[in-house]
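What follows is model37.cif (mmCIF, C-alpha atoms (C1' of nucleotides)).
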data_input
loop_
_atom_site.group_PDB
_atom_site.id
_atom_site.type_symbol
_atom_site.label_atom_id
_atom_site.label_comp_id
_atom_site.auth_asym_id
_atom_site.auth_seq_id
_atom_site.Cartn_x
_atom_site.Cartn_y
_atom_site.Cartn_z
ATOM 1 C CA MET A 134 -26.431 107.549 -31.450
ATOM 2 C CA VAL A 135 -29.321 105.974 -29.655
ATOM 3 C CA LEU A 136 -31.823 103.902 -31.539
ATOM 4 C CA PRO A 137 -35.369 105.001 -30.741
ATOM 5 C CA VAL A 138 -37.684 102.248 -29.586
ATOM 6 C CA ARG A 139 -40.303 101.609 -32.208
ATOM 7 C CA LYS A 140 -43.373 102.320 -30.133
ATOM 8 C CA ASN A 141 -45.735 101.218 -32.838
ATOM 9 C CA LYS A 142 -47.287 97.890 -32.247
ATOM 10 C CA SER A 143 -45.938 94.881 -34.055
ATOM 11 C CA PRO A 144 -47.950 94.249 -37.241
ATOM 12 C CA ASN A 145 -49.175 91.041 -35.630
ATOM 13 C CA THR A 146 -51.140 92.093 -32.605
ATOM 14 C CA PRO A 147 -53.445 89.365 -31.395
ATOM 15 C CA HIS A 148 -56.696 90.643 -29.954
ATOM 16 C CA GLU A 149 -56.598 89.453 -26.360
ATOM 17 C CA CYS A 150 -54.159 86.724 -27.236
ATOM 18 C CA PRO A 151 -55.803 83.721 -28.861
ATOM 19 C CA LEU A 152 -52.330 82.207 -28.743
ATOM 20 C CA SER A 153 -52.423 81.859 -24.982
ATOM 21 C CA GLN A 154 -56.001 80.617 -25.185
ATOM 22 C CA CYS A 155 -54.992 77.779 -27.400
ATOM 23 C CA MET A 156 -51.689 77.021 -25.715
ATOM 24 C CA ALA A 157 -53.532 76.625 -22.436
ATOM 25 C CA ILE A 158 -55.082 73.569 -24.049
ATOM 26 C CA LEU A 159 -51.982 72.177 -25.722
ATOM 27 C CA GLY A 160 -49.631 72.978 -22.871
ATOM 28 C CA GLY A 161 -49.472 69.947 -20.619
ATOM 29 C CA ALA A 162 -47.090 67.069 -21.138
ATOM 30 C CA TRP A 163 -48.235 64.594 -23.814
ATOM 31 C CA THR A 164 -51.312 66.647 -24.706
ATOM 32 C CA PRO A 165 -50.496 66.952 -28.411
ATOM 33 C CA ASN A 166 -49.734 63.252 -28.526
ATOM 34 C CA VAL A 167 -53.079 62.349 -26.994
ATOM 35 C CA LEU A 168 -54.897 64.565 -29.470
ATOM 36 C CA TRP A 169 -52.947 63.079 -32.330
ATOM 37 C CA TYR A 170 -53.891 59.539 -31.457
ATOM 38 C CA LEU A 171 -57.501 60.479 -30.840
ATOM 39 C CA SER A 172 -57.610 62.116 -34.239
ATOM 40 C CA GLY A 173 -57.404 58.604 -35.662
ATOM 41 C CA GLY A 174 -60.714 57.740 -33.999
ATOM 42 C CA PRO A 175 -62.017 56.921 -30.507
ATOM 43 C CA ARG A 176 -59.512 55.236 -28.250
ATOM 44 C CA ARG A 177 -59.578 53.667 -24.809
ATOM 45 C CA PHE A 178 -57.427 54.487 -21.825
ATOM 46 C CA SER A 179 -55.294 51.376 -22.060
ATOM 47 C CA GLU A 180 -54.891 51.839 -25.793
ATOM 48 C CA LEU A 181 -53.558 55.335 -25.305
ATOM 49 C CA GLN A 182 -51.095 53.944 -22.801
ATOM 50 C CA ILE A 183 -49.864 51.590 -25.492
ATOM 51 C CA ASP A 184 -49.791 54.363 -28.081
ATOM 52 C CA ILE A 185 -47.729 56.608 -25.817
ATOM 53 C CA PRO A 186 -45.608 54.280 -23.684
ATOM 54 C CA PRO A 187 -43.686 56.934 -21.741
ATOM 55 C CA VAL A 188 -46.823 58.533 -20.308
ATOM 56 C CA SER A 189 -47.686 57.543 -16.761
ATOM 57 C CA ALA A 190 -51.228 56.609 -15.752
ATOM 58 C CA LYS A 191 -51.370 59.590 -13.468
ATOM 59 C CA VAL A 192 -50.497 62.079 -16.159
ATOM 60 C CA LEU A 193 -52.696 60.437 -18.770
ATOM 61 C CA THR A 194 -55.669 60.648 -16.416
ATOM 62 C CA THR A 195 -54.899 64.271 -15.639
ATOM 63 C CA ARG A 196 -54.614 65.162 -19.305
ATOM 64 C CA LEU A 197 -57.847 63.451 -20.275
ATOM 65 C CA ARG A 198 -59.716 65.107 -17.413
ATOM 66 C CA ASP A 199 -58.294 68.496 -18.399
ATOM 67 C CA LEU A 200 -59.226 68.033 -22.022
ATOM 68 C CA GLU A 201 -62.676 66.861 -21.029
ATOM 69 C CA SER A 202 -63.285 69.883 -18.827
ATOM 70 C CA LYS A 203 -62.236 72.111 -21.699
ATOM 71 C CA GLY A 204 -64.690 70.435 -24.038
ATOM 72 C CA VAL A 205 -62.011 69.059 -26.323
ATOM 73 C CA VAL A 206 -62.487 65.389 -25.555
ATOM 74 C CA SER A 207 -65.544 63.308 -24.688
ATOM 75 C CA ARG A 208 -65.580 60.430 -22.242
ATOM 76 C CA ASN A 209 -67.859 57.471 -22.813
ATOM 77 C CA VAL A 210 -68.185 54.632 -20.316
ATOM 78 C CA LYS A 211 -69.353 51.394 -21.858
ATOM 79 C CA PRO A 212 -71.315 48.976 -19.661
ATOM 80 C CA THR A 213 -68.911 46.077 -20.129
ATOM 81 C CA SER A 214 -67.206 44.220 -17.354
ATOM 82 C CA PRO A 215 -64.948 45.616 -16.234
ATOM 83 C CA PRO A 216 -66.285 48.856 -17.685
ATOM 84 C CA SER A 217 -64.286 50.252 -20.555
ATOM 85 C CA VAL A 218 -63.967 53.925 -21.285
ATOM 86 C CA GLU A 219 -63.705 55.379 -24.717
ATOM 87 C CA TYR A 220 -62.299 58.826 -25.373
ATOM 88 C CA ALA A 221 -62.963 60.772 -28.545
ATOM 89 C CA LEU A 222 -62.490 64.251 -29.936
ATOM 90 C CA THR A 223 -65.481 66.559 -29.687
ATOM 91 C CA ASP A 224 -66.291 69.014 -32.457
ATOM 92 C CA LEU A 225 -64.047 71.511 -30.710
ATOM 93 C CA GLY A 226 -61.361 68.871 -30.509
ATOM 94 C CA GLN A 227 -61.599 68.302 -34.261
ATOM 95 C CA GLU A 228 -60.736 71.929 -34.752
ATOM 96 C CA LEU A 229 -57.371 71.317 -33.156
ATOM 97 C CA ILE A 230 -56.362 68.725 -35.721
ATOM 98 C CA PRO A 231 -54.918 71.240 -38.182
ATOM 99 C CA VAL A 232 -52.685 72.550 -35.412
ATOM 100 C CA ILE A 233 -51.437 69.091 -34.563
ATOM 101 C CA GLU A 234 -50.860 68.366 -38.229
ATOM 102 C CA ALA A 235 -48.915 71.585 -38.657
ATOM 103 C CA ILE A 236 -46.774 70.672 -35.673
ATOM 104 C CA VAL A 237 -46.107 67.218 -37.041
ATOM 105 C CA GLU A 238 -45.183 68.604 -40.428
ATOM 106 C CA VAL A 239 -42.654 71.012 -38.975
ATOM 107 C CA GLY A 240 -41.327 68.225 -36.811
ATOM 108 C CA HIS A 241 -40.480 66.325 -39.967
ATOM 109 C CA LYS A 242 -38.700 69.284 -41.499
ATOM 110 C CA ILE A 243 -36.661 69.703 -38.350
ATOM 111 C CA LYS A 244 -35.626 66.077 -38.508
ATOM 112 C CA LEU A 245 -34.463 66.521 -42.079
ATOM 113 C CA ARG A 246 -32.260 69.434 -40.996
ATOM 114 C CA THR A 247 -30.657 67.668 -38.064
ATOM 115 C CA GLU A 248 -29.913 64.529 -40.058
ATOM 116 C CA MET B 186 -67.769 40.171 -21.634
ATOM 117 C CA VAL B 187 -64.316 41.603 -21.813
ATOM 118 C CA LEU B 188 -63.396 43.979 -24.576
ATOM 119 C CA PRO B 189 -60.150 42.897 -26.230
ATOM 120 C CA VAL B 190 -57.521 45.598 -26.472
ATOM 121 C CA ARG B 191 -57.052 46.622 -30.080
ATOM 122 C CA LYS B 192 -53.403 45.785 -30.466
ATOM 123 C CA ASN B 193 -53.147 47.288 -33.895
ATOM 124 C CA LYS B 194 -51.443 50.592 -34.013
ATOM 125 C CA SER B 195 -53.484 53.741 -34.232
ATOM 126 C CA PRO B 196 -53.815 54.871 -37.872
ATOM 127 C CA ASN B 197 -51.759 57.906 -36.941
ATOM 128 C CA THR B 198 -48.398 56.596 -35.887
ATOM 129 C CA PRO B 199 -45.738 59.254 -35.984
ATOM 130 C CA HIS B 200 -42.354 57.978 -37.056
ATOM 131 C CA GLU B 201 -40.129 58.708 -34.077
ATOM 132 C CA CYS B 202 -42.472 61.414 -32.972
ATOM 133 C CA PRO B 203 -42.071 64.650 -34.889
ATOM 134 C CA LEU B 204 -44.650 65.994 -32.475
ATOM 135 C CA SER B 205 -42.232 65.893 -29.590
ATOM 136 C CA GLN B 206 -39.479 67.293 -31.811
ATOM 137 C CA CYS B 207 -41.535 70.338 -32.570
ATOM 138 C CA MET B 208 -43.054 70.745 -29.132
ATOM 139 C CA ALA B 209 -39.561 70.831 -27.679
ATOM 140 C CA ILE B 210 -39.224 74.120 -29.517
ATOM 141 C CA LEU B 211 -42.643 75.560 -28.750
ATOM 142 C CA GLY B 212 -42.751 74.328 -25.178
ATOM 143 C CA GLY B 213 -41.364 77.068 -22.954
ATOM 144 C CA ALA B 214 -43.428 79.893 -21.554
ATOM 145 C CA TRP B 215 -44.093 82.697 -24.046
ATOM 146 C CA THR B 216 -42.334 80.913 -26.897
ATOM 147 C CA PRO B 217 -45.276 81.019 -29.310
ATOM 148 C CA ASN B 218 -45.788 84.667 -28.478
ATOM 149 C CA VAL B 219 -42.180 85.511 -29.237
ATOM 150 C CA LEU B 220 -42.359 83.696 -32.553
ATOM 151 C CA TRP B 221 -45.608 85.429 -33.392
ATOM 152 C CA TYR B 222 -44.176 88.885 -32.871
ATOM 153 C CA LEU B 223 -40.997 88.020 -34.720
ATOM 154 C CA SER B 224 -43.078 86.804 -37.633
ATOM 155 C CA GLY B 225 -43.965 90.446 -38.208
ATOM 156 C CA GLY B 226 -40.301 91.263 -38.839
ATOM 157 C CA PRO B 227 -37.101 91.706 -36.823
ATOM 158 C CA ARG B 228 -37.619 93.004 -33.323
ATOM 159 C CA ARG B 229 -35.391 94.176 -30.506
ATOM 160 C CA PHE B 230 -35.257 92.913 -26.955
ATOM 161 C CA SER B 231 -36.945 95.929 -25.451
ATOM 162 C CA GLU B 232 -39.590 95.901 -28.140
ATOM 163 C CA LEU B 233 -40.474 92.319 -27.378
ATOM 164 C CA GLN B 234 -40.813 93.273 -23.743
ATOM 165 C CA ILE B 235 -43.347 95.888 -24.789
ATOM 166 C CA ASP B 236 -45.114 93.445 -27.094
ATOM 167 C CA ILE B 237 -45.439 90.857 -24.348
ATOM 168 C CA PRO B 238 -45.704 92.832 -21.089
ATOM 169 C CA PRO B 239 -46.078 89.894 -18.696
ATOM 170 C CA VAL B 240 -42.816 88.272 -19.736
ATOM 171 C CA SER B 241 -39.895 88.898 -17.397
ATOM 172 C CA ALA B 242 -36.458 89.836 -18.693
ATOM 173 C CA LYS B 243 -35.058 86.611 -17.348
ATOM 174 C CA VAL B 244 -37.507 84.420 -19.179
ATOM 175 C CA LEU B 245 -37.325 86.434 -22.371
ATOM 176 C CA THR B 246 -33.552 86.062 -22.398
ATOM 177 C CA THR B 247 -33.815 82.355 -21.745
ATOM 178 C CA ARG B 248 -36.341 81.876 -24.530
ATOM 179 C CA LEU B 249 -34.326 83.832 -27.057
ATOM 180 C CA ARG B 250 -31.170 81.913 -26.183
ATOM 181 C CA ASP B 251 -33.024 78.627 -26.484
ATOM 182 C CA LEU B 252 -34.507 79.561 -29.823
ATOM 183 C CA GLU B 253 -31.130 80.745 -31.042
ATOM 184 C CA SER B 254 -29.423 77.517 -30.064
ATOM 185 C CA LYS B 255 -32.103 75.606 -31.911
ATOM 186 C CA GLY B 256 -31.539 77.644 -35.046
ATOM 187 C CA VAL B 257 -34.992 79.171 -35.008
ATOM 188 C CA VAL B 258 -33.989 82.739 -34.273
ATOM 189 C CA SER B 259 -30.979 84.821 -35.216
ATOM 190 C CA ARG B 260 -29.335 87.390 -32.980
ATOM 191 C CA ASN B 261 -27.787 90.489 -34.475
ATOM 192 C CA VAL B 262 -25.871 93.029 -32.398
ATOM 193 C CA LYS B 263 -25.791 96.487 -33.943
ATOM 194 C CA PRO B 264 -22.784 98.721 -33.163
ATOM 195 C CA THR B 265 -24.846 101.509 -31.659
ATOM 196 C CA SER B 266 -24.389 102.918 -28.221
ATOM 197 C CA PRO B 267 -25.533 101.307 -26.142
ATOM 198 C CA PRO B 268 -25.521 98.345 -28.497
ATOM 199 C CA SER B 269 -28.939 97.256 -29.670
ATOM 200 C CA VAL B 270 -29.765 93.675 -30.463
ATOM 201 C CA GLU B 271 -32.158 92.604 -33.132
ATOM 202 C CA TYR B 272 -33.792 89.213 -33.224
ATOM 203 C CA ALA B 273 -35.295 87.687 -36.321
ATOM 204 C CA LEU B 274 -36.669 84.383 -37.527
ATOM 205 C CA THR B 275 -34.269 82.193 -39.460
ATOM 206 C CA ASP B 276 -35.425 80.120 -42.409
ATOM 207 C CA LEU B 277 -36.197 77.347 -39.971
ATOM 208 C CA GLY B 278 -38.080 79.815 -37.835
ATOM 209 C CA GLN B 279 -40.179 80.828 -40.824
ATOM 210 C CA GLU B 280 -41.309 77.255 -41.133
ATOM 211 C CA LEU B 281 -42.944 77.521 -37.742
ATOM 212 C CA ILE B 282 -45.223 80.346 -38.801
ATOM 213 C CA PRO B 283 -47.980 78.075 -40.132
ATOM 214 C CA VAL B 284 -48.075 76.365 -36.762
ATOM 215 C CA ILE B 285 -48.397 79.645 -34.927
ATOM 216 C CA GLU B 286 -51.082 80.765 -37.336
ATOM 217 C CA ALA B 287 -53.002 77.541 -36.856
ATOM 218 C CA ILE B 288 -52.809 78.015 -33.106
ATOM 219 C CA VAL B 289 -54.049 81.586 -33.351
ATOM 220 C CA GLU B 290 -56.919 80.557 -35.584
ATOM 221 C CA VAL B 291 -58.105 77.897 -33.167
ATOM 222 C CA GLY B 292 -57.689 80.355 -30.331
ATOM 223 C CA HIS B 293 -60.227 82.552 -32.050
ATOM 224 C CA LYS B 294 -62.701 79.738 -32.483
ATOM 225 C CA ILE B 295 -62.354 78.877 -28.835
ATOM 226 C CA LYS B 296 -63.128 82.455 -27.887
ATOM 227 C CA LEU B 297 -66.259 82.394 -30.001
ATOM 228 C CA ARG B 298 -67.429 79.299 -28.131
ATOM 229 C CA THR B 299 -66.793 80.608 -24.659
ATOM 230 C CA GLU B 300 -68.473 83.925 -25.381
ATOM 231 C "C1'" DT C 111 -60.664 30.840 -4.601
ATOM 232 C "C1'" DT C 112 -57.674 33.220 -6.715
ATOM 233 C "C1'" DA C 113 -56.137 35.836 -10.465
ATOM 234 C "C1'" DT C 114 -57.046 39.094 -13.962
ATOM 235 C "C1'" DA C 115 -58.899 42.860 -16.307
ATOM 236 C "C1'" DA C 116 -59.986 48.066 -16.859
ATOM 237 C "C1'" DG C 117 -59.497 52.346 -15.341
ATOM 238 C "C1'" DG C 118 -58.256 54.658 -12.473
ATOM 239 C "C1'" DT C 119 -56.620 57.317 -7.402
ATOM 240 C "C1'" DT C 120 -53.315 58.501 -3.910
ATOM 241 C "C1'" DT C 121 -49.010 59.516 -1.764
ATOM 242 C "C1'" DC C 122 -44.486 60.862 -1.929
ATOM 243 C "C1'" DC C 123 -40.752 63.112 -3.856
ATOM 244 C "C1'" DG C 124 -37.286 65.417 -6.706
ATOM 245 C "C1'" DA C 125 -36.655 68.318 -10.678
ATOM 246 C "C1'" DT C 126 -37.918 72.114 -13.395
ATOM 247 C "C1'" DT C 127 -40.129 76.593 -13.932
ATOM 248 C "C1'" DG C 128 -40.852 81.075 -13.681
ATOM 249 C "C1'" DG C 129 -41.213 85.305 -11.014
ATOM 250 C "C1'" DT C 130 -38.888 89.285 -8.269
ATOM 251 C "C1'" DA C 131 -35.461 92.150 -7.401
ATOM 252 C "C1'" DA C 132 -30.894 93.612 -7.348
ATOM 253 C "C1'" DC C 133 -27.013 94.263 -9.978
ATOM 254 C "C1'" DC C 134 -23.786 95.230 -14.137
ATOM 255 C "C1'" DT C 135 -21.411 97.634 -18.306
ATOM 256 C "C1'" DA C 136 -20.153 101.327 -21.390
ATOM 257 C "C1'" DA C 137 -21.275 105.354 -23.718
ATOM 258 C "C1'" DA C 138 -23.811 109.401 -24.323
ATOM 259 C "C1'" DG C 139 -26.862 113.055 -22.935
ATOM 260 C "C1'" DT C 140 -27.873 117.091 -19.308
ATOM 261 C "C1'" DA D 250 -20.999 114.558 -11.880
ATOM 262 C "C1'" DC D 251 -25.012 112.112 -12.565
ATOM 263 C "C1'" DT D 252 -28.497 109.788 -14.994
ATOM 264 C "C1'" DT D 253 -30.314 107.230 -18.657
ATOM 265 C "C1'" DT D 254 -30.258 103.593 -21.988
ATOM 266 C "C1'" DA D 255 -29.954 98.673 -23.873
ATOM 267 C "C1'" DG D 256 -29.557 94.334 -22.830
ATOM 268 C "C1'" DG D 257 -28.805 91.608 -20.130
ATOM 269 C "C1'" DT D 258 -27.064 88.395 -15.502
ATOM 270 C "C1'" DT D 259 -27.485 86.547 -10.936
ATOM 271 C "C1'" DA D 260 -29.363 84.855 -6.627
ATOM 272 C "C1'" DC D 261 -33.167 83.452 -4.337
ATOM 273 C "C1'" DC D 262 -37.644 81.451 -3.764
ATOM 274 C "C1'" DA D 263 -42.253 79.257 -4.226
ATOM 275 C "C1'" DA D 264 -45.153 76.748 -7.008
ATOM 276 C "C1'" DT D 265 -45.962 73.415 -10.257
ATOM 277 C "C1'" DC D 266 -45.049 69.265 -12.734
ATOM 278 C "C1'" DG D 267 -44.474 64.800 -13.566
ATOM 279 C "C1'" DG D 268 -42.633 60.134 -12.458
ATOM 280 C "C1'" DA D 269 -42.829 55.744 -9.436
ATOM 281 C "C1'" DA D 270 -45.132 52.743 -6.833
ATOM 282 C "C1'" DA D 271 -48.844 51.157 -4.105
ATOM 283 C "C1'" DC D 272 -53.575 50.664 -3.811
ATOM 284 C "C1'" DC D 273 -58.775 50.216 -5.150
ATOM 285 C "C1'" DT D 274 -63.285 48.030 -7.181
ATOM 286 C "C1'" DT D 275 -66.138 44.809 -9.305
ATOM 287 C "C1'" DA D 276 -67.157 40.980 -12.258
ATOM 288 C "C1'" DT D 277 -65.840 37.287 -14.702
ATOM 289 C "C1'" DA D 278 -62.517 33.415 -16.118
ATOM 290 C "C1'" DA D 279 -59.510 29.598 -14.793
#
Have the structure of the file written as structure tokens, please.
Amino acid sequence: MVLPVRKNKSPNTPHECPLSQCMAILGGAWTPNVLWYLSGGPRRFSELQIDIPPVSAKVLTTRLRDLESKGVVSRNVKPTSPPSVEYALTDLGQELIPVIEAIVEVGHKIKLRTE
Amino acid sequence: MVLPVRKNKSPNTPHECPLSQCMAILGGAWTPNVLWYLSGGPRRFSELQIDIPPVSAKVLTTRLRDLESKGVVSRNVKPTSPPSVEYALTDLGQELIPVIEAIVEVGHKIKLRTE
DNA sequence: TTATAAGGTTTCCGATTGGTAACCTAAAGT
DNA sequence: ACTTTAGGTTACCAATCGGAAACCTTATAA
């Protein structure tokens, strides 16, 4: 007795995979963390380093540049001395907040299970 | 004029980072896709391969094993010949659905912007 | 005049990923 | 006798990732 493969599509068939679209943004190391901290308001480079101690300067720079090029984060150089740079979520970035919140919420539930 | 670093914590301070907890689950390649298709009901190995054509057998196996060990997915071998194996979301896995849905929704919005 | 600050960049390197392709088992169909 | 099927496993390989540490600039403060 051989089970036939159900050739029908799964009920959930994304149209050209929005999942991958979005995960391309969230994918890199520390990306969700950066977005989370920025969701609390604009934040400077050195402040993000304090918020997320394990992130290296190299990776933090890379992430912020990536997010900027994707239109998720804005970069604002203030004419102080030495110049300070403030990062903030763009409108598109704001749209990601529900995702981050959902992730955080599940993270809590997972903790409750493992404890 | 030197800007003082705001030493206060960001308003959003996760308590021992549920973000990382959850991202540890969602992190691997194709993981969100697998969860998405499983959210439509139980699905067999070969069916998932059809659902997600670019995933290799090796990676799909790895993902499913990972998810199983994390209690997100259940594995059920049916006594057919050759044996067929059905994967399904556990209760914990169900809790991830809102996250996946949030990701999909943002994916759509991103598409609208880039078009 | 030397140090410090902010916000990086660059180089080097090892670890982790993920892909390809070959292989495996046992039973059932042809 | 041979092939197909389901669900993998294994070995090998190249690319990518991310961490550590050193370095850079320019203006002000000590």
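You can rank B:Leu204, B:Val258, B:Ile237, B:Ile210 by their closest distance to chain A using all atoms listed in the file, and at the top of that list sits B:Leu204.
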Residue IDs satisfying the PyMOL selection byres ((chain C) within 10 of (chain B)), as a PDB file with C-alpha atoms (C1' of nucleotides), in the coordinates of the input:
ATOM      1  C1'  DA C 115     -58.899  42.860 -16.307  1.00  0.00           C
ATOM      2  C1'  DA C 116     -59.986  48.066 -16.859  1.00  0.00           C
ATOM      3  C1'  DT C 127     -40.129  76.593 -13.932  1.00  0.00           C
ATOM      4  C1'  DG C 128     -40.852  81.075 -13.681  1.00  0.00           C
ATOM      5  C1'  DG C 129     -41.213  85.305 -11.014  1.00  0.00           C
ATOM      6  C1'  DT C 130     -38.888  89.285  -8.269  1.00  0.00           C
ATOM      7  C1'  DT C 135     -21.411  97.634 -18.306  1.00  0.00           C
ATOM      8  C1'  DA C 136     -20.153 101.327 -21.390  1.00  0.00           C
ATOM      9  C1'  DA C 137     -21.275 105.354 -23.718  1.00  0.00           C
ATOM     10  C1'  DA C 138     -23.811 109.401 -24.323  1.00  0.00           C
TER      11       DA C 138
END
Checklist entry - Given a cut-off of 9 Å, which residues of chain D touch chain B, counting only C-alpha atoms (C1' of nucleotides), written out as a PyMOL selection string? => result chain D and resi 254-258+277
May I have the residues from that selection written out with C-alpha atoms (C1' of nucleotides), as an mmCIF file, keeping the file's coordinate frame?
data_model
loop_
_atom_site.group_PDB
_atom_site.id
_atom_site.type_symbol
_atom_site.label_atom_id
_atom_site.label_comp_id
_atom_site.auth_asym_id
_atom_site.auth_seq_id
_atom_site.Cartn_x
_atom_site.Cartn_y
_atom_site.Cartn_z
ATOM 1 C "C1'" DT D 254 -30.258 103.593 -21.988
ATOM 2 C "C1'" DA D 255 -29.954 98.673 -23.873
ATOM 3 C "C1'" DG D 256 -29.557 94.334 -22.830
ATOM 4 C "C1'" DG D 257 -28.805 91.608 -20.130
ATOM 5 C "C1'" DT D 258 -27.064 88.395 -15.502
ATOM 6 C "C1'" DT D 277 -65.840 37.287 -14.702
#
Atom C1' of DC122 of chain C to atom C1' of DA270 of chain D measures 9.5 Å
Residue with the minimum atom-to-atom distance to DA260 of chain D, picked from C:DC133, C:DT114, C:DT121, C:DT126 with only C-alpha atoms (C1' of nucleotides) counted, is C:DC133
Exercise for review: List the residues selected by the PyMOL selection byres ((chain A and resi 242) around 12) in the file shown, writing them as a PyMOL selection string.
Suggested key: (chain A and resi 235-241+243-248) or (chain B and resi 203-204+206-207+276-281)
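As for atom CA of Pro264 of chain B and atom CA of Arg250 of chain B, they are spaced 20.0 Å apart.
Rounded to one decimal, atom CA of Val257 of chain B and atom CA of Thr275 of chain B lie 5.4 Å from each other.
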Rank nothing, just name the residue among B:Pro238, B:Cys202, B:Glu253, B:Asn261 nearest to chain A, using all atoms listed in the file.
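Once distances to chain A are computed over all atoms listed in the file, the minimum belongs to B:Cys202.
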Please report, as AutoDock Vina command-line options, the centre and edge lengths in Å to one decimal of an axis-aligned box covering all listed atoms of segment 213-216 of chain A with 4 Å per side.
--center_x -66.9 --center_y 46.5 --center_z -18.2 --size_x 12.0 --size_y 12.6 --size_z 11.9
- Can you work out which one of A:Leu200, A:Leu193, A:Leu159, A:Tyr170 has the shortest atom-to-atom distance to chain B, counting only C-alpha atoms?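 Residue with the minimum atom-to-atom distance to chain B: A:Tyr170.
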- request: List, as a PyMOL selection string, every residue that the PyMOL selection byres ((chain D and resi 251) around 9) selects in the file provided.
  value: (chain C and resi 140) or (chain D and resi 250+252)
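Counting only C-alpha atoms and comparing A:Pro231, A:Gln182, A:Pro175, A:Ser202, the residue that lies closest to chain B is A:Pro231.
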Q: Choose the residue, out of A:Leu181, A:Gly173, A:Ile230, A:Pro187, that has the smallest atom-to-atom separation from chain B; count all atoms listed in the file.
A: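 Residue with the minimum atom-to-atom distance to chain B: A:Gly173.
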*For Leu220 of chain B, please output as a PyMOL selection string all residues within 8 Å (counting only C-alpha atoms (C1' of nucleotides); exclusion window: fewer than 2 positions along the same chain).*
chain B and resi 216-218+222-224+274+278+282+285
For segment 208-220 of chain B, where the input has fewer atoms than it should, I would like N, CA and C atoms rebuilt and written as a short mmCIF file (atom, residue, chain, number, x, y, z; two decimals), in the frame of the given file.
data_model
loop_
_atom_site.label_atom_id
_atom_site.label_comp_id
_atom_site.auth_asym_id
_atom_site.auth_seq_id
_atom_site.Cartn_x
_atom_site.Cartn_y
_atom_site.Cartn_z
N MET B 208 -42.60 70.19 -30.40
CA MET B 208 -43.05 70.74 -29.13
C MET B 208 -41.88 71.12 -28.24
N ALA B 209 -40.74 70.46 -28.45
CA ALA B 209 -39.56 70.83 -27.68
C ALA B 209 -39.18 72.28 -27.97
N ILE B 210 -39.50 72.73 -29.16
CA ILE B 210 -39.22 74.12 -29.52
C ILE B 210 -40.28 75.06 -28.95
N LEU B 211 -41.54 74.67 -29.12
CA LEU B 211 -42.64 75.56 -28.75
C LEU B 211 -42.97 75.54 -27.26
N GLY B 212 -42.32 74.62 -26.53
CA GLY B 212 -42.75 74.33 -25.18
C GLY B 212 -42.67 75.44 -24.15
N GLY B 213 -41.57 76.13 -24.05
CA GLY B 213 -41.36 77.07 -22.95
C GLY B 213 -42.38 78.20 -22.90
N ALA B 214 -42.48 78.80 -21.73
CA ALA B 214 -43.43 79.89 -21.55
C ALA B 214 -43.12 81.04 -22.52
N TRP B 215 -44.15 81.54 -23.16
CA TRP B 215 -44.09 82.70 -24.05
C TRP B 215 -43.46 82.41 -25.38
N THR B 216 -42.99 81.19 -25.63
CA THR B 216 -42.33 80.91 -26.90
C THR B 216 -43.22 81.21 -28.10
N PRO B 217 -44.46 80.72 -28.13
CA PRO B 217 -45.28 81.02 -29.31
C PRO B 217 -45.48 82.52 -29.48
N ASN B 218 -45.61 83.23 -28.38
CA ASN B 218 -45.79 84.67 -28.48
C ASN B 218 -44.58 85.33 -29.11
N VAL B 219 -43.40 84.94 -28.67
CA VAL B 219 -42.18 85.51 -29.24
C VAL B 219 -42.13 85.26 -30.74
N LEU B 220 -42.41 84.03 -31.13
CA LEU B 220 -42.36 83.70 -32.55
C LEU B 220 -43.40 84.51 -33.33
#
